[in-house]
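One structure below.
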Amino acid sequence: MTAPPLLEARDLACHFKVSRPGRRRGHALLKAVDGVDLVLQRGRTLGLVGESGCGKSTTAKLVLGLMPRTSGQVWLAGEPVDTAAGHRWRRLRRRAQLVHQDPLGALDRRLTVGYQVMEPLIVHRIGSRADRRAKVLALLQAVGLGPDVATRHPHELSGGQRQRVVLARALILEPDLVVCDEPISALDVSIQAQVVNLLQDLRERLGHTYLFISHDLKAVRQISDEIAVMYLGRIVEQGPAEDLLRMPGHPYTQALVSAVPARAATGRRRILLEGDPPSPIDVPPGCAFHPRCRFAQDRCRGERPTLRPQADGRRVACHFAEAIAAGAGAAA
Amino acid sequence: MIAYAAIRLFRAVLTLWLLVSITFLVMRLTGDPALQIMSVEAPPDAIAAFERFWGLDQPLWRQYLTYIGGLAQGDFGVSMRDGQSALALVVDRVPATLSLTVPALVLTLLIGLPAGVYAALRRNTTADRLTMMSSVIGYTVPSFVLALVLVLVFAVWLQWLPASGADDWRGYLMPIVTLALPGAAVIARFTRSAMIEVLNQPYVRTATGKGVIWRRVVSRHVLPNAAIPTVTIVGFMVGSLMAGTIIVETVFAWPGVGQLLINAVGNRDLAIVQTILLFVGICMVTANLAVDIAYGWIDPRTRRRTVATSPR
Amino acid sequence: MLAPDLGAGDAALGAPQPTRSTAAALLEVRQLTVAFAAGMRDLPVLHGLNLSVAPGETLGMVGESGCGKSVTWLAVLRLLGTTAKVGGTVSFAGQTISDWDDRAMTAIRGRRIAMISQDPMSALNPVHTIGRQIAEVLVTHRGASATAAKAAAKRLLDQVGVPAAGSIFGRYPHELSGGMNQRAMIAMCLAGQPDLLIADEPTTALDVTIQAQILDLLRQIQRDLGMALVLVSHDLGVVAEVCRRVAVMYCGRIVEQGSTDDIFDRPYHPYTRGLLAALPNLDGPRRRLQPIPGTVPAPGALPPGCPFAPRCPGVHAACRSSVPVLRPVAAGHAVACVGPVDRTVAAMPAAGAEA
């Protein structure tokens, strides 16, 4: 008997009605997420990358049932995830936690750090007072903070310390799944490394499963087993982290990887994309990437590609994935 | 655009209806016009006749419906005191009031805006602190106190200006100044904070960094942006000017709408009170509309255009 | 494609370029100090910075937030406002501009030194059109007529790769994307034909693929127009990509400067090494990151001696007594560290790995 994957999502979609002033028909449909499938095995880390507006943060909220979805289903360890607050939803909230980008915004400036880390235990009525205190101190230590931090307020801490506090709060319920939404973007370089290492250590010690959302490909590579690339609400490529970054299959992934700034000496060839990503209100027909794609053909304008498995086990949503891979191989 | 205008108009009518209805209730429930106008010693049958004549013996809801029905047909009613048309009585007084409020509004802006701009540009200096201190005094001293002080100084001691009346231009000076000063103080304070907010914006640094001289940075980049919040407060100012005229006209015995209102309220002369309040209400609604139009004119972000999509 | 002249059609704009002296430095900063008034006392953020920029060179300034890398350039242009106390001398093209009054500085700002700021959305005035903001520079510095300025502004927009420049000209910043606004901002900076372009975190607010476009554009205009470019960034990758020379800042001082190769292949200062070791890679074997222990001290609470001493793995007694000054360790490579010169170790040793 095989255990179900820790997280499974099928055909997730989230559409918003947005007002469009000045148009005769006042509303348009913003497709923030439009048909996303995810499978995440226990103990693994999936990196979700893409540029702003691609729907990666919305996907995180949908997966956690924090937002109503237009369609699709989510299972956590085989159990369906509801979007309405109820008994089952509350139980799920214990098992899946979200870590935000902005640690100061995620913390209440009037409450002490210790209380905020303890609060989930109080909400879920877990343990006695002494148990809770001991647990908070143990967890603060686990994220590299001393017991003196517990009595302090968020504004007395540095950015890196605050992010550790947010992490401790997310971990105190011993969740199976931790969804990190841009957890290091607001931090300085030297502090980013501290937090990335911390996440890795905690995963090893506590066996967490991470959904790691970031626009920073380098950080995602550092921490992920697998990477999924999103563009305009859909996953365009998914595969093992190293393979995907070394030999990106989708033309968008290729451009994204090549765009990461690096020394000229490393000699990667840059693929410059023309223009800006289209708005998720005006998603181009066919393949959403075709207006900026250097390989685009007539078929791409009419027919939307599905996420197809490739020979190397990777999945790519491009009609010409094989031809492009062969071409890249020939060129190399 | 038409739908937008229709919504605005509907809201304006709704506001006016609420205003009229609340006034009606308050006026009817707080005093008896018959006793006020006929005097308390009047014989009971005379009072009864008065009440029958004005329909005051009817149930409240019927009086209300009759009144609203009349309004809807443009009938503002007649004064219970002398049977004159309420509209004519009010319209008769409007020029006297406008001859105070319009110059007062202009004076408010002429004092308030430059003072606020000046204080913001010299912020945290003695000049700024003095300006802001005057501003605090300006809006904390009640109008009637200010009016009495002015009368005491300029009419009683110095005898430069008449204490009341609208006989020549000198009679206008003190009422207008009394009306304008508190507003100017508020505007100055508000303009200052709006200016300081804008002065800290990155685009002001960009403009300075372009090599534009400071005067031009202020006039071209700071002022238009600071005008956006300031316009709102100018809209509110119209309302407080209206309130101010009631006091000022009483103190200076000015034959305007404010004085008429005071008398009419005392007499529970509903038709007059309602007509004046409608007049004030229309002024306020118009002022708000003017503010909205001004917004669209100053701030391109509020102009109704298609959502930006990237050009390609 | 990118001609330094704005086009033959505009006689009004054909003002001759002032000749650049190639021998001397274009910009020379000596003992620059900045302190912000904070209540009763002053909060020093720059502690005697020395720096020079040669004509046509590309210099990167890196450091973490609050290290003073942006403040340096705002101080040079004197854009810091009245709460900042600025000391030291700044000379530009042989003239000591730190003595000039504000009025005289307007001839430098936007004309000789132009500055691109971090967030194009907030750095552009929301109530003026893009075109008007670009034209303003042409009218201010080149005495262009309104029509000539308009035509030149459209050409500039075209030069920085704005599609349909004619229609973008009349748009407002909120109607355009971040990348498009940053291009407009660059066009605005090019309008004065400056000798020195300062790009302060020009891509931090932008997405990766748009960042690549903008960096590409900056590199291209620097190459074609030959102006000096200073790129201020927290991202070592961005700086490495564009710049030939790099200065690393920490707590209001330059701690190391040298060629890009020096800094990346032969870093000397423990802070530079620490930064490099803390950075994840996109290629090469995956290794555990080595964070710099501790945190950056607050500007008002610097430790005595070398400000990096509390976080430094190789600290010794001398570090805590005096602030090290920049000293040359090789041609064009200077370091502010009293430690022994060891140019063989590429990255910081693993000692004291985590905070």
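The way I read the labels, and the way they are meant: chains A, B, ... in the order of the structure tokens, residue 1 as the first residue of every chain, and ligand 1 as the first ligand shown, with later ones counted on from there.
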Chain A contacts to chain C at 7 Å (only C-alpha atoms) as a CSV table (one decimal) with N, CA and C atoms, in the first residue's frame:
chain,number,residue,atom,x,y,z
A,51,GLU,N,7.2,35.3,-12.0
A,51,GLU,CA,7.3,36.7,-11.8
A,51,GLU,C,6.0,37.3,-11.1
A,52,SER,N,6.1,38.5,-10.7
A,52,SER,CA,4.9,39.0,-10.0
A,52,SER,C,3.6,39.0,-10.9
A,188,ASP,N,18.2,41.1,4.1
A,188,ASP,CA,19.5,41.4,3.5
A,188,ASP,C,20.2,40.1,3.2
A,189,VAL,N,21.2,40.2,2.3
A,189,VAL,CA,21.9,39.0,1.8
A,189,VAL,C,22.4,38.1,2.9
A,190,SER,N,23.1,38.8,3.8
A,190,SER,CA,23.8,37.9,4.8
A,190,SER,C,22.8,37.2,5.7
A,191,ILE,N,21.6,37.9,5.9
A,191,ILE,CA,20.6,37.3,6.7
A,191,ILE,C,19.8,36.2,5.9
A,193,ALA,N,20.9,34.0,4.0
A,193,ALA,CA,21.6,32.8,4.1
A,193,ALA,C,21.3,32.1,5.4
A,194,GLN,N,21.2,32.9,6.5
A,194,GLN,CA,20.9,32.4,7.8
A,194,GLN,C,19.5,31.7,7.8
A,197,ASN,N,19.5,28.4,5.5
A,197,ASN,CA,20.1,27.3,6.3
A,197,ASN,C,19.2,26.8,7.4
A,218,LYS,N,17.9,31.5,-7.4
A,218,LYS,CA,19.1,31.0,-6.7
A,218,LYS,C,18.7,30.4,-5.3
A,219,ALA,N,17.8,31.1,-4.6
A,219,ALA,CA,17.4,30.7,-3.3
A,219,ALA,C,16.5,29.4,-3.5
A,221,ARG,N,16.7,27.2,-5.9
A,221,ARG,CA,17.6,26.1,-6.2
A,221,ARG,C,18.2,25.5,-4.9
A,222,GLN,N,18.6,26.4,-4.0
A,222,GLN,CA,19.3,26.0,-2.8
A,222,GLN,C,18.5,25.1,-2.0
A,256,LEU,N,13.9,32.9,-18.1
A,256,LEU,CA,13.9,33.2,-16.7
A,256,LEU,C,15.3,32.9,-16.1
A,259,ALA,N,18.0,35.1,-17.3
A,259,ALA,CA,17.9,36.5,-16.8
A,259,ALA,C,18.5,36.7,-15.5
A,260,VAL,N,18.8,35.7,-14.8
A,260,VAL,CA,19.4,35.8,-13.4
A,260,VAL,C,20.8,36.5,-13.6
A,261,PRO,N,21.0,37.6,-13.0
A,261,PRO,CA,22.3,38.3,-13.2
A,261,PRO,C,23.5,37.5,-12.7
A,262,ALA,N,24.5,37.5,-13.4
A,262,ALA,CA,25.7,36.8,-13.0
A,262,ALA,C,26.9,37.4,-13.7
A,263,ARG,N,28.1,37.1,-13.3
A,263,ARG,CA,29.3,37.6,-14.0
A,263,ARG,C,29.3,37.2,-15.4
A,264,ALA,N,29.8,38.2,-16.2
A,264,ALA,CA,29.9,37.9,-17.7
A,264,ALA,C,30.8,36.7,-17.9
A,272,LEU,N,16.8,37.6,-24.0
A,272,LEU,CA,16.0,38.7,-23.5
A,272,LEU,C,14.6,38.6,-24.0
A,273,LEU,N,13.6,38.8,-23.1
A,273,LEU,CA,12.2,38.7,-23.5
A,273,LEU,C,11.8,40.2,-23.9
Next on the checklist: At a cut-off of 12 Å, using only C-alpha atoms, what residues contact Ser134 of chain B? Leave out same-chain residues fewer than 4 positions from it and give the result as a list in words.
Outcome noted: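 Returned residues: Ile111, Gly112, Ala115, Gly116, Ala119, Ala127, Asp128, Arg129, Leu130, Gly138, Tyr139, Thr140, Val141, Leu181, Pro182, Ala184, Ala185, Val186, Ala188 and Arg189 of chain B.
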Identify, on the basis of only C-alpha atoms, every residue whose closest approach to segment 246-251 of chain C does not exceed 6 Å; exclude the query and any residue fewer than 3 positions from it along the same chain; express the result as a JSON list (two decimals) with N, CA and C atoms, in the first residue's frame.
[["chain", "number", "residue", "atom", "x", "y", "z"],
["C", 59, "LEU", "N", 31.35, 51.67, -12.27],
["C", 59, "LEU", "CA", 31.67, 51.36, -10.89],
["C", 59, "LEU", "C", 30.43, 50.81, -10.21],
["C", 60, "GLY", "N", 30.59, 49.71, -9.49],
["C", 60, "GLY", "CA", 29.48, 49.16, -8.73],
["C", 60, "GLY", "C", 29.68, 49.46, -7.25],
["C", 61, "MET", "N", 28.60, 49.82, -6.57],
["C", 61, "MET", "CA", 28.66, 50.02, -5.12],
["C", 61, "MET", "C", 27.73, 49.00, -4.50],
["C", 62, "VAL", "N", 28.29, 48.09, -3.70],
["C", 62, "VAL", "CA", 27.44, 47.08, -3.08],
["C", 62, "VAL", "C", 27.50, 47.18, -1.56],
["C", 63, "GLY", "N", 26.50, 46.63, -0.95],
["C", 63, "GLY", "CA", 26.41, 46.64, 0.50],
["C", 63, "GLY", "C", 24.98, 46.37, 0.89],
["C", 67, "CYS", "N", 23.90, 50.71, 4.60],
["C", 67, "CYS", "CA", 25.36, 50.84, 4.63],
["C", 67, "CYS", "C", 25.82, 52.20, 4.11],
["C", 254, "ILE", "N", 33.78, 52.47, 2.89],
["C", 254, "ILE", "CA", 34.17, 51.49, 1.89],
["C", 254, "ILE", "C", 35.16, 50.54, 2.54],
["C", 255, "VAL", "N", 34.88, 49.25, 2.51],
["C", 255, "VAL", "CA", 35.79, 48.31, 3.15],
["C", 255, "VAL", "C", 36.69, 47.61, 2.14],
["C", 256, "GLU", "N", 36.28, 47.61, 0.89],
["C", 256, "GLU", "CA", 37.14, 47.00, -0.12],
["C", 256, "GLU", "C", 36.77, 47.57, -1.47],
["C", 257, "GLN", "N", 37.77, 47.87, -2.29],
["C", 257, "GLN", "CA", 37.46, 48.22, -3.67],
["C", 257, "GLN", "C", 38.52, 47.69, -4.60],
["C", 258, "GLY", "N", 38.08, 47.33, -5.78],
["C", 258, "GLY", "CA", 39.01, 46.76, -6.75],
["C", 258, "GLY", "C", 38.26, 46.43, -8.02],
["C", 259, "SER", "N", 38.96, 45.78, -8.94],
["C", 259, "SER", "CA", 38.29, 45.38, -10.17],
["C", 259, "SER", "C", 37.27, 44.30, -9.83],
["C", 260, "THR", "N", 36.32, 44.10, -10.73],
["C", 260, "THR", "CA", 35.30, 43.08, -10.49],
["C", 260, "THR", "C", 35.97, 41.71, -10.27]]
Item to check | Straight-line distance linking atom CA of Arg315 of chain A with atom CA of Leu98 of chain A, stated in Å to one decimal | outcome: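 These two atoms are separated by 26.8 Å.
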Item to check | Residue neighbourhood Tyr203 of chain B, 6 Å, only C-alpha atoms, exclusion window fewer than 3 positions, as a list in words | outcome: Thr206 of chain B; Ala123, Leu124 and Asn125 of chain C
Next on the checklist: Taking only segment 176-286 of chain A into account, list the residues labelled strand (DSSP E or B) by DSSP (computed from the backbone), as a PyMOL selection string.
Outcome noted: chain A and resi 177-181+209-214+226-231+234-240
Go ahead and save the picked residues with C-alpha atoms, as a CSV table (one decimal), in the first residue's frame.
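Wrote it out as selection-v3.csv, contents follow:
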chain,number,residue,atom,x,y,z
A,177,LEU,CA,3.2,21.2,5.3
A,178,VAL,CA,4.9,24.6,5.6
A,179,VAL,CA,4.1,27.0,2.8
A,180,CYS,CA,6.7,29.8,2.6
A,181,ASP,CA,5.6,32.8,0.5
A,209,THR,CA,7.4,19.3,3.6
A,210,TYR,CA,7.8,22.7,2.1
A,211,LEU,CA,6.1,24.6,-0.6
A,212,PHE,CA,8.7,27.3,-1.2
A,213,ILE,CA,7.5,30.3,-3.2
A,214,SER,CA,10.0,32.8,-4.5
A,226,GLU,CA,11.7,20.0,-7.4
A,227,ILE,CA,10.7,23.3,-9.1
A,228,ALA,CA,7.5,24.4,-10.8
A,229,VAL,CA,7.6,27.5,-13.0
A,230,MET,CA,4.4,29.5,-13.3
A,231,TYR,CA,3.4,32.0,-16.0
A,234,ARG,CA,-0.5,28.1,-15.1
A,235,ILE,CA,2.5,25.8,-14.5
A,236,VAL,CA,4.6,25.8,-17.7
A,237,GLU,CA,7.3,23.5,-16.5
A,238,GLN,CA,8.0,21.2,-13.6
A,239,GLY,CA,10.9,18.9,-12.8
A,240,PRO,CA,13.9,18.1,-10.6
Using 7 Å as the limit and counting only C-alpha atoms, can you tabulate each residue of chain C that touches chain B, with its shortest atom-to-atom distance in Å and the two atoms involved, as a tab-separated table?
residue	atom	partner	partner_atom	distance
C:Leu79	CA	B:Arg205	CA	6.6
C:Arg103	CA	B:Ile213	CA	6.8
C:Thr106	CA	B:Gly211	CA	4.1
C:Ala107	CA	B:Gly211	CA	6.2
C:Ile108	CA	B:Gly211	CA	6.8
C:Arg109	CA	B:Gly211	CA	4.4
C:Gly110	CA	B:Lys210	CA	3.9
C:Arg111	CA	B:Gly211	CA	7.0
C:Ala114	CA	B:Lys210	CA	6.7
C:Met115	CA	B:Gly209	CA	6.8
C:Ser122	CA	B:Pro202	CA	5.9
C:Ala123	CA	B:Tyr203	CA	4.1
C:Leu124	CA	B:Tyr203	CA	5.0
C:Asn125	CA	B:Tyr203	CA	5.3
C:Val127	CA	B:Asp299	CA	5.7
C:Val137	CA	B:Lys210	CA	6.3
C:Thr140	CA	B:Val212	CA	6.4
C:Pro163	CA	B:Arg312	CA	6.6
C:His174	CA	B:Arg301	CA	7.0
C:Glu175	CA	B:Ala308	CA	4.6
C:Leu176	CA	B:Ala308	CA	6.2
C:Ser177	CA	B:Ser310	CA	6.4
Item to check | All helix (DSSP H, G or I) positions in segment 259-299 of chain A, as a list of chain:residue names | outcome: A:Ala259, A:Ala264, A:Ala265, A:Thr266, A:His290, A:Pro291, A:Arg292, A:Asp298, A:Arg299
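Between Gly160 of chain A and the candidates A:Asp131, A:Asp108, A:Glu174, A:Asp102, the tightest atom-to-atom separation, counting only C-alpha atoms, involves A:Asp102.
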Find the spatial neighbours of segment 32-35 of chain C, counting only C-alpha atoms, within a cut-off of 9 Å - ignore same-chain residues fewer than 3 positions away - and output them as a tab-separated table (two decimals) with N, CA and C atoms, in the first residue's frame.
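Final output, part.tsv:
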chain	number	residue	atom	x	y	z
C	29	VAL	N	35.68	62.23	-4.54
C	29	VAL	CA	35.02	62.44	-3.25
C	29	VAL	C	36.08	62.28	-2.17
C	38	ALA	N	18.85	63.61	14.49
C	38	ALA	CA	17.85	62.72	15.08
C	38	ALA	C	17.63	63.18	16.51
C	42	ASP	N	23.16	63.89	16.54
C	42	ASP	CA	23.28	63.54	15.13
C	42	ASP	C	23.57	62.06	14.98
C	43	LEU	N	22.99	61.48	13.94
C	43	LEU	CA	23.20	60.07	13.66
C	43	LEU	C	24.12	59.96	12.45
C	44	PRO	N	25.40	59.61	12.66
C	44	PRO	CA	26.30	59.58	11.52
C	44	PRO	C	26.06	58.34	10.67
C	45	VAL	N	25.95	58.50	9.35
C	45	VAL	CA	25.75	57.34	8.47
C	45	VAL	C	26.90	57.17	7.48
C	46	LEU	N	27.65	58.22	7.22
C	46	LEU	CA	28.85	58.10	6.39
C	46	LEU	C	30.03	58.64	7.19
C	47	HIS	N	31.13	57.88	7.20
C	47	HIS	CA	32.26	58.27	8.05
C	47	HIS	C	33.50	58.53	7.21
C	48	GLY	N	33.54	59.63	6.48
C	48	GLY	CA	34.75	59.97	5.75
C	48	GLY	C	35.03	59.04	4.59
C	49	LEU	N	34.21	59.17	3.55
C	49	LEU	CA	34.31	58.27	2.41
C	49	LEU	C	35.20	58.89	1.34
C	50	ASN	N	36.13	58.10	0.82
C	50	ASN	CA	36.96	58.54	-0.29
C	50	ASN	C	36.68	57.68	-1.50
C	51	LEU	N	36.52	58.35	-2.64
C	51	LEU	CA	36.11	57.61	-3.82
C	51	LEU	C	36.40	58.45	-5.05
C	71	VAL	N	23.07	56.93	0.11
C	71	VAL	CA	23.27	58.24	0.74
C	71	VAL	C	24.48	58.95	0.15
C	72	THR	N	25.54	58.17	-0.16
C	72	THR	CA	26.74	58.75	-0.75
C	72	THR	C	26.38	59.60	-1.96
C	75	ALA	N	24.27	62.61	-1.30
C	75	ALA	CA	25.09	63.65	-0.69
C	75	ALA	C	25.91	64.36	-1.77
C	76	VAL	N	26.43	63.61	-2.73
C	76	VAL	CA	27.21	64.22	-3.81
C	76	VAL	C	26.36	65.24	-4.57
C	83	THR	N	17.72	68.03	6.92
C	83	THR	CA	18.04	67.33	8.16
C	83	THR	C	19.42	66.67	8.11
C	84	ALA	N	20.04	66.66	6.93
C	84	ALA	CA	21.33	65.99	6.80
C	84	ALA	C	22.48	66.99	6.88
C	85	LYS	N	23.50	66.63	7.64
C	85	LYS	CA	24.71	67.45	7.69
C	85	LYS	C	25.78	66.76	6.87
C	86	VAL	N	26.24	67.43	5.84
C	86	VAL	CA	27.19	66.83	4.92
C	86	VAL	C	28.54	67.51	5.06
C	87	GLY	N	29.62	66.73	5.17
C	87	GLY	CA	30.95	67.28	5.25
C	87	GLY	C	31.86	66.66	4.20
C	88	GLY	N	33.07	67.22	4.06
C	88	GLY	CA	34.00	66.70	3.08
C	88	GLY	C	33.91	67.46	1.77
C	89	THR	N	34.75	67.08	0.81
C	89	THR	CA	34.73	67.79	-0.47
C	89	THR	C	34.38	66.84	-1.60
C	90	VAL	N	33.68	67.40	-2.57
C	90	VAL	CA	33.34	66.68	-3.78
C	90	VAL	C	33.80	67.53	-4.94
C	252	GLY	N	28.74	52.58	6.47
C	252	GLY	CA	29.13	53.94	6.15
C	252	GLY	C	30.57	54.12	5.71
Next on the checklist: Nearest residue to chain B out of A:Val283, A:Val81, A:Leu232, A:Ala325, using only C-alpha atoms?
Outcome noted: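 Counting only C-alpha atoms, the residue closest to chain B is A:Val283.
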Next on the checklist: List the spatial neighbours of segment 26-29 of chain B as number ranges by chain - criterion: any atom at most 12 Å away, only C-alpha atoms, same-chain residues fewer than 3 positions off excluded.
Outcome noted: B: 19-23, 32-34, 56-61, 63-64, 264-274
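The nearest approach to chain A among the residues B:Leu260, B:Arg192, B:Ala120, B:Thr302, with only C-alpha atoms taken into account, belongs to B:Thr302.
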Item to check | Atomic separation - atom CA of Val39 of chain A relative to atom CA of Leu6 of chain A, Å | outcome: 7.9 Å
